[in-house]
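Trainee: Input data-v5.txt, format and content: compact mmCIF, N, CA and C atoms.
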```
# COMPACT_ATOMS: atom_id res chain seq x y z
N MET A 1 -117.57 -96.48 68.48
CA MET A 1 -117.81 -97.33 67.34
C MET A 1 -117.76 -98.80 67.73
N SER A 2 -116.85 -99.18 68.57
CA SER A 2 -116.74 -100.58 68.95
C SER A 2 -117.90 -101.01 69.85
N GLU A 3 -118.51 -100.05 70.59
CA GLU A 3 -119.63 -100.44 71.43
C GLU A 3 -120.86 -100.80 70.61
N PHE A 4 -121.04 -100.22 69.40
CA PHE A 4 -122.14 -100.60 68.53
C PHE A 4 -121.93 -102.00 67.95
N ASP A 5 -120.68 -102.35 67.65
CA ASP A 5 -120.39 -103.66 67.09
C ASP A 5 -120.70 -104.77 68.08
N THR A 6 -120.50 -104.53 69.35
CA THR A 6 -120.76 -105.58 70.33
C THR A 6 -122.25 -105.80 70.56
N ASN A 7 -123.08 -104.78 70.33
CA ASN A 7 -124.51 -104.91 70.55
C ASN A 7 -125.24 -105.57 69.39
N ILE A 8 -124.67 -105.50 68.19
CA ILE A 8 -125.33 -106.07 67.02
C ILE A 8 -124.86 -107.51 66.84
N PRO A 9 -125.76 -108.45 66.91
CA PRO A 9 -125.34 -109.85 66.68
C PRO A 9 -125.01 -110.04 65.21
N SER A 10 -123.85 -110.58 64.96
CA SER A 10 -123.39 -110.72 63.58
C SER A 10 -123.93 -111.97 62.90
N THR A 11 -124.28 -112.99 63.66
CA THR A 11 -124.74 -114.23 63.05
C THR A 11 -126.21 -114.50 63.35
N PHE A 12 -127.02 -113.46 63.36
CA PHE A 12 -128.44 -113.63 63.64
C PHE A 12 -129.16 -114.13 62.40
N ASP A 13 -129.87 -115.22 62.52
CA ASP A 13 -130.63 -115.78 61.41
C ASP A 13 -132.11 -115.71 61.77
N PRO A 14 -132.89 -114.83 61.10
CA PRO A 14 -134.31 -114.70 61.45
C PRO A 14 -135.13 -115.94 61.14
N PHE A 15 -134.62 -116.80 60.27
CA PHE A 15 -135.36 -118.00 59.89
C PHE A 15 -134.84 -119.25 60.58
N ALA A 16 -134.04 -119.09 61.62
CA ALA A 16 -133.45 -120.25 62.29
C ALA A 16 -134.52 -121.14 62.91
N GLU A 17 -135.55 -120.55 63.52
CA GLU A 17 -136.60 -121.35 64.14
C GLU A 17 -137.40 -122.12 63.10
N ALA A 18 -137.70 -121.48 61.97
CA ALA A 18 -138.47 -122.15 60.93
C ALA A 18 -137.66 -123.29 60.32
N ASN A 19 -136.37 -123.07 60.11
CA ASN A 19 -135.54 -124.12 59.54
C ASN A 19 -135.36 -125.28 60.52
N ALA A 20 -135.33 -124.98 61.81
CA ALA A 20 -135.20 -126.04 62.80
C ALA A 20 -136.42 -126.94 62.80
N GLU A 21 -137.62 -126.36 62.58
CA GLU A 21 -138.83 -127.17 62.53
C GLU A 21 -138.87 -128.02 61.27
N ASP A 22 -138.37 -127.49 60.17
CA ASP A 22 -138.42 -128.22 58.90
C ASP A 22 -137.32 -129.27 58.79
N SER A 23 -136.32 -129.21 59.66
CA SER A 23 -135.19 -130.12 59.53
C SER A 23 -135.60 -131.57 59.78
N GLY A 24 -136.62 -131.80 60.57
CA GLY A 24 -137.09 -133.15 60.81
C GLY A 24 -137.93 -133.63 59.65
N ALA A 25 -137.30 -133.96 58.55
CA ALA A 25 -138.01 -134.35 57.35
C ALA A 25 -138.78 -135.64 57.59
N GLY A 26 -140.04 -135.64 57.17
CA GLY A 26 -140.86 -136.84 57.30
C GLY A 26 -141.62 -136.92 58.60
N THR A 27 -141.42 -135.98 59.51
CA THR A 27 -142.14 -136.06 60.77
C THR A 27 -143.59 -135.65 60.60
N LYS A 28 -143.89 -134.77 59.64
CA LYS A 28 -145.25 -134.29 59.43
C LYS A 28 -145.67 -134.64 58.01
N GLU A 29 -145.78 -135.92 57.73
CA GLU A 29 -146.20 -136.34 56.40
C GLU A 29 -147.72 -136.33 56.34
N TYR A 30 -148.24 -135.69 55.32
CA TYR A 30 -149.68 -135.59 55.15
C TYR A 30 -150.17 -136.61 54.14
N VAL A 31 -151.41 -137.03 54.33
CA VAL A 31 -152.11 -137.85 53.35
C VAL A 31 -153.06 -136.90 52.63
N HIS A 32 -152.90 -136.78 51.33
CA HIS A 32 -153.71 -135.85 50.54
C HIS A 32 -154.86 -136.61 49.88
N VAL A 33 -156.07 -136.14 50.14
CA VAL A 33 -157.26 -136.72 49.53
C VAL A 33 -157.84 -135.65 48.61
N ARG A 34 -157.82 -135.92 47.30
CA ARG A 34 -158.25 -134.94 46.31
C ARG A 34 -159.41 -135.47 45.49
N VAL A 35 -160.16 -134.55 44.91
CA VAL A 35 -161.21 -134.91 43.96
C VAL A 35 -160.88 -134.22 42.64
N GLN A 36 -161.03 -134.97 41.55
CA GLN A 36 -160.79 -134.43 40.22
C GLN A 36 -162.06 -134.60 39.41
N GLN A 37 -162.40 -133.56 38.67
CA GLN A 37 -163.58 -133.61 37.81
C GLN A 37 -163.23 -134.33 36.52
N ARG A 38 -164.03 -135.30 36.13
CA ARG A 38 -163.80 -136.00 34.87
C ARG A 38 -164.63 -135.32 33.80
N ASN A 39 -165.79 -135.82 33.50
CA ASN A 39 -166.66 -135.19 32.50
C ASN A 39 -168.09 -135.18 33.04
N GLY A 40 -168.73 -134.04 32.90
CA GLY A 40 -170.09 -133.91 33.41
C GLY A 40 -170.13 -133.98 34.92
N ARG A 41 -170.93 -134.90 35.43
CA ARG A 41 -171.06 -135.06 36.88
C ARG A 41 -170.10 -136.09 37.44
N LYS A 42 -169.29 -136.70 36.60
CA LYS A 42 -168.39 -137.77 37.03
C LYS A 42 -167.15 -137.17 37.70
N SER A 43 -166.71 -137.80 38.77
CA SER A 43 -165.52 -137.31 39.46
C SER A 43 -164.68 -138.50 39.91
N LEU A 44 -163.45 -138.18 40.35
CA LEU A 44 -162.47 -139.19 40.71
C LEU A 44 -161.81 -138.74 42.01
N THR A 45 -161.70 -139.61 42.99
CA THR A 45 -161.05 -139.29 44.26
C THR A 45 -159.70 -139.98 44.30
N THR A 46 -158.64 -139.24 44.64
CA THR A 46 -157.30 -139.81 44.74
C THR A 46 -156.80 -139.68 46.17
N VAL A 47 -156.11 -140.71 46.63
CA VAL A 47 -155.51 -140.75 47.97
C VAL A 47 -154.02 -140.93 47.77
N GLN A 48 -153.25 -139.97 48.27
CA GLN A 48 -151.81 -139.98 48.05
C GLN A 48 -151.09 -139.69 49.35
N GLY A 49 -149.95 -140.32 49.57
CA GLY A 49 -149.12 -140.02 50.72
C GLY A 49 -149.20 -141.03 51.84
N LEU A 50 -149.85 -142.16 51.62
CA LEU A 50 -149.86 -143.20 52.65
C LEU A 50 -148.46 -143.78 52.79
N LYS A 51 -148.15 -144.32 53.95
CA LYS A 51 -146.82 -144.88 54.18
C LYS A 51 -146.62 -146.11 53.31
N LYS A 52 -145.38 -146.36 52.95
CA LYS A 52 -145.04 -147.46 52.05
C LYS A 52 -145.28 -148.82 52.69
N GLU A 53 -145.29 -148.90 54.02
CA GLU A 53 -145.42 -150.19 54.69
C GLU A 53 -146.83 -150.77 54.60
N TYR A 54 -147.81 -149.93 54.24
CA TYR A 54 -149.19 -150.41 54.13
C TYR A 54 -149.40 -151.09 52.78
N SER A 55 -150.27 -152.08 52.78
CA SER A 55 -150.63 -152.76 51.54
C SER A 55 -151.74 -151.96 50.86
N TYR A 56 -151.40 -151.31 49.77
CA TYR A 56 -152.36 -150.46 49.08
C TYR A 56 -153.52 -151.28 48.53
N SER A 57 -153.23 -152.49 48.07
CA SER A 57 -154.30 -153.30 47.49
C SER A 57 -155.32 -153.71 48.55
N LYS A 58 -154.88 -153.98 49.77
CA LYS A 58 -155.83 -154.36 50.82
C LYS A 58 -156.66 -153.16 51.27
N ILE A 59 -156.02 -152.00 51.36
CA ILE A 59 -156.77 -150.78 51.71
C ILE A 59 -157.80 -150.49 50.63
N LEU A 60 -157.39 -150.62 49.36
CA LEU A 60 -158.30 -150.37 48.25
C LEU A 60 -159.47 -151.35 48.28
N LYS A 61 -159.20 -152.61 48.58
CA LYS A 61 -160.26 -153.61 48.63
C LYS A 61 -161.29 -153.25 49.69
N ASP A 62 -160.83 -152.80 50.86
CA ASP A 62 -161.75 -152.41 51.93
C ASP A 62 -162.52 -151.15 51.56
N LEU A 63 -161.86 -150.18 50.93
CA LEU A 63 -162.53 -148.95 50.51
C LEU A 63 -163.62 -149.25 49.49
N LYS A 64 -163.32 -150.10 48.52
CA LYS A 64 -164.29 -150.44 47.48
C LYS A 64 -165.51 -151.14 48.08
N LYS A 65 -165.26 -152.04 49.03
CA LYS A 65 -166.36 -152.78 49.64
C LYS A 65 -167.20 -151.86 50.53
N GLU A 66 -166.53 -150.95 51.25
CA GLU A 66 -167.23 -150.07 52.19
C GLU A 66 -168.12 -149.05 51.47
N PHE A 67 -167.61 -148.47 50.37
CA PHE A 67 -168.31 -147.35 49.71
C PHE A 67 -169.02 -147.75 48.42
N CYS A 68 -169.01 -149.04 48.07
CA CYS A 68 -169.69 -149.54 46.87
C CYS A 68 -169.27 -148.75 45.63
N CYS A 69 -167.97 -148.65 45.42
CA CYS A 69 -167.47 -147.95 44.23
C CYS A 69 -166.27 -148.74 43.70
N ASN A 70 -165.88 -148.45 42.49
CA ASN A 70 -164.73 -149.11 41.89
C ASN A 70 -163.50 -148.26 42.14
N GLY A 71 -162.32 -148.87 42.02
CA GLY A 71 -161.08 -148.14 42.23
C GLY A 71 -159.89 -148.92 41.75
N THR A 72 -158.73 -148.27 41.77
CA THR A 72 -157.49 -148.89 41.33
C THR A 72 -156.31 -148.23 42.02
N VAL A 73 -155.17 -148.90 41.99
CA VAL A 73 -153.92 -148.34 42.49
C VAL A 73 -153.07 -148.00 41.28
N VAL A 74 -152.68 -146.72 41.16
CA VAL A 74 -151.92 -146.24 40.02
C VAL A 74 -150.49 -145.95 40.48
N GLU A 75 -149.51 -146.37 39.70
CA GLU A 75 -148.11 -146.10 40.00
C GLU A 75 -147.69 -144.83 39.27
N ASP A 76 -147.37 -143.79 40.04
CA ASP A 76 -146.95 -142.51 39.47
C ASP A 76 -145.45 -142.35 39.68
N PRO A 77 -144.70 -141.89 38.66
CA PRO A 77 -143.25 -141.77 38.84
C PRO A 77 -142.84 -140.74 39.90
N GLU A 78 -143.60 -139.67 40.06
CA GLU A 78 -143.26 -138.64 41.05
C GLU A 78 -143.86 -138.93 42.42
N LEU A 79 -145.13 -139.33 42.45
CA LEU A 79 -145.87 -139.44 43.70
C LEU A 79 -145.86 -140.84 44.29
N GLY A 80 -145.38 -141.82 43.57
CA GLY A 80 -145.43 -143.19 44.06
C GLY A 80 -146.78 -143.81 43.78
N GLN A 81 -147.26 -144.63 44.70
CA GLN A 81 -148.55 -145.28 44.50
C GLN A 81 -149.67 -144.36 44.95
N VAL A 82 -150.71 -144.27 44.11
CA VAL A 82 -151.86 -143.42 44.38
C VAL A 82 -153.12 -144.28 44.24
N ILE A 83 -154.01 -144.19 45.22
CA ILE A 83 -155.28 -144.91 45.16
C ILE A 83 -156.31 -144.01 44.48
N GLN A 84 -156.99 -144.54 43.47
CA GLN A 84 -158.05 -143.81 42.77
C GLN A 84 -159.38 -144.49 43.02
N LEU A 85 -160.40 -143.71 43.35
CA LEU A 85 -161.75 -144.23 43.56
C LEU A 85 -162.73 -143.45 42.70
N GLN A 86 -163.79 -144.11 42.25
CA GLN A 86 -164.82 -143.43 41.48
C GLN A 86 -165.72 -142.64 42.40
N GLY A 87 -166.09 -141.46 41.96
CA GLY A 87 -167.01 -140.61 42.72
C GLY A 87 -166.28 -139.72 43.71
N ASP A 88 -167.05 -138.83 44.34
CA ASP A 88 -166.51 -137.92 45.34
C ASP A 88 -166.57 -138.61 46.70
N GLN A 89 -165.48 -139.23 47.11
CA GLN A 89 -165.42 -140.01 48.34
C GLN A 89 -164.50 -139.38 49.38
N ARG A 90 -164.26 -138.07 49.30
CA ARG A 90 -163.29 -137.42 50.18
C ARG A 90 -163.62 -137.60 51.66
N LYS A 91 -164.84 -137.27 52.05
CA LYS A 91 -165.23 -137.38 53.47
C LYS A 91 -165.21 -138.84 53.92
N ASN A 92 -165.72 -139.71 53.07
CA ASN A 92 -165.76 -141.14 53.42
C ASN A 92 -164.36 -141.70 53.63
N VAL A 93 -163.45 -141.37 52.71
CA VAL A 93 -162.09 -141.90 52.79
C VAL A 93 -161.39 -141.38 54.05
N SER A 94 -161.57 -140.08 54.34
CA SER A 94 -160.88 -139.52 55.51
C SER A 94 -161.38 -140.16 56.80
N THR A 95 -162.69 -140.35 56.94
CA THR A 95 -163.20 -140.99 58.15
C THR A 95 -162.77 -142.46 58.22
N PHE A 96 -162.71 -143.14 57.08
CA PHE A 96 -162.28 -144.53 57.06
C PHE A 96 -160.83 -144.66 57.51
N LEU A 97 -159.95 -143.80 57.00
CA LEU A 97 -158.54 -143.87 57.36
C LEU A 97 -158.31 -143.58 58.83
N VAL A 98 -159.10 -142.68 59.40
CA VAL A 98 -158.97 -142.36 60.83
C VAL A 98 -159.50 -143.51 61.68
N GLN A 99 -160.66 -144.06 61.31
CA GLN A 99 -161.25 -145.15 62.10
C GLN A 99 -160.42 -146.42 62.03
N ALA A 100 -159.77 -146.65 60.89
CA ALA A 100 -158.94 -147.85 60.74
C ALA A 100 -157.60 -147.68 61.45
N GLY A 101 -157.27 -146.47 61.87
CA GLY A 101 -156.01 -146.23 62.56
C GLY A 101 -154.82 -146.12 61.63
N ILE A 102 -155.06 -145.88 60.36
CA ILE A 102 -153.98 -145.76 59.39
C ILE A 102 -153.32 -144.39 59.49
N VAL A 103 -154.13 -143.34 59.66
CA VAL A 103 -153.64 -141.97 59.69
C VAL A 103 -154.37 -141.22 60.80
N LYS A 104 -153.68 -140.27 61.44
CA LYS A 104 -154.34 -139.40 62.41
C LYS A 104 -155.11 -138.32 61.67
N LYS A 105 -156.14 -137.82 62.31
CA LYS A 105 -157.01 -136.84 61.65
C LYS A 105 -156.27 -135.56 61.27
N GLU A 106 -155.31 -135.13 62.09
CA GLU A 106 -154.60 -133.89 61.78
C GLU A 106 -153.59 -134.05 60.65
N ASN A 107 -153.34 -135.27 60.20
CA ASN A 107 -152.40 -135.50 59.09
C ASN A 107 -153.11 -135.71 57.76
N ILE A 108 -154.41 -135.47 57.70
CA ILE A 108 -155.16 -135.63 56.45
C ILE A 108 -155.49 -134.24 55.90
N LYS A 109 -155.17 -134.04 54.62
CA LYS A 109 -155.52 -132.79 53.95
C LYS A 109 -156.54 -133.11 52.86
N LEU A 110 -157.70 -132.42 52.92
CA LEU A 110 -158.74 -132.58 51.91
C LEU A 110 -158.60 -131.45 50.89
N HIS A 111 -158.62 -131.80 49.61
CA HIS A 111 -158.49 -130.82 48.55
C HIS A 111 -159.67 -130.93 47.60
N GLY A 112 -159.97 -129.85 46.89
CA GLY A 112 -160.96 -129.88 45.83
C GLY A 112 -162.19 -129.04 46.11
N PHE A 113 -162.80 -128.62 45.04
CA PHE A 113 -164.00 -127.80 45.01
C PHE A 113 -163.93 -126.74 46.06
```
Could you show the structure in this file as structure tokens?
Mentor:
Amino acid sequence: MSEFDTNIPSTFDPFAEANAEDSGAGTKEYVHVRVQQRNGRKSLTTVQGLKKEYSYSKILKDLKKEFCCNGTVVEDPELGQVIQLQGDQRKNVSTFLVQAGIVKKENIKLHGF
């Protein structure tokens, strides 16, 4: 009976590896680029999860000038600051953020449709 007790690990945690990867909070922060349907053919693109150190108004100004669309920065109580652009600009925004060096390509998540 005692030989079985020595072979069975008593403190084995099957999720130890997964928890060790998740313990580094903030190491894998994603930038979420979503599209929302408004009415008819109108849509809205939102960019969420950019680092706080960036100036959202300057990024928005460059995005508006680059893609010839209107936009705004919205303050959300849960999500923080969110950039909103008119139209479906998901691909454009993701390539712009990568080319500007703001976010790496593997840290961008595209959502919608």
Trainee: Among region 16-112 of chain A, which residues carry a DSSP assignment of strand (DSSP E or B), reported as a ChimeraX atom specification?
Mentor: /A:31-37,43-48,71-76,80-86,108-110
Trainee: Just list the residues in region 19-106 of chain A DSSP gives alpha helix (DSSP H) on the backbone, as a PyMOL selection string.
Mentor: chain A and resi 19-22+56-67+90-99
Trainee: Skipping near chain neighbours, those fewer than 4 positions away, what residues fall within 12 Å of Glu75 (chain A) using only C-alpha atoms, listed as a PyMOL selection string?
Mentor: chain A and resi 48+56+79-84
Trainee: How about saving the chosen residues, N, CA and C atoms kept, as a CSV table (one decimal), keeping the file's coordinate frame?
Mentor:
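Full text of out.csv as output:
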```csv
chain,number,residue,atom,x,y,z
A,48,GLN,N,-153.2,-140.0,48.3
A,48,GLN,CA,-151.8,-140.0,48.0
A,48,GLN,C,-151.1,-139.7,49.4
A,56,TYR,N,-151.4,-151.3,49.8
A,56,TYR,CA,-152.4,-150.5,49.1
A,56,TYR,C,-153.5,-151.3,48.5
A,79,LEU,N,-145.1,-139.3,42.4
A,79,LEU,CA,-145.9,-139.4,43.7
A,79,LEU,C,-145.9,-140.8,44.3
A,80,GLY,N,-145.4,-141.8,43.6
A,80,GLY,CA,-145.4,-143.2,44.1
A,80,GLY,C,-146.8,-143.8,43.8
A,81,GLN,N,-147.3,-144.6,44.7
A,81,GLN,CA,-148.6,-145.3,44.5
A,81,GLN,C,-149.7,-144.4,45.0
A,82,VAL,N,-150.7,-144.3,44.1
A,82,VAL,CA,-151.9,-143.4,44.4
A,82,VAL,C,-153.1,-144.3,44.2
A,83,ILE,N,-154.0,-144.2,45.2
A,83,ILE,CA,-155.3,-144.9,45.2
A,83,ILE,C,-156.3,-144.0,44.5
A,84,GLN,N,-157.0,-144.5,43.5
A,84,GLN,CA,-158.0,-143.8,42.8
A,84,GLN,C,-159.4,-144.5,43.0
```
Trainee: With distances taken over only N, CA and C atoms, which residue among A:Lys52, A:Gly40, A:Ser94, A:Glu66 lies nearest Ile108 (chain A)?
Mentor: A:Ser94
Trainee: Can you tell me how far atom C of Leu97 (chain A) sits from atom N of Gly49 (chain A), in Å to one decimal?
Mentor: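 These two atoms are separated by 12.9 Å.
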Trainee: Name the closest residue to Val35 (chain A) among the candidates A:Val47, A:Val93, A:Val74, A:Val98; distances are taken between atoms, counting all atoms listed in the file.
Mentor: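 The shortest atom-to-atom distance to Val35 (chain A) comes from A:Val47.
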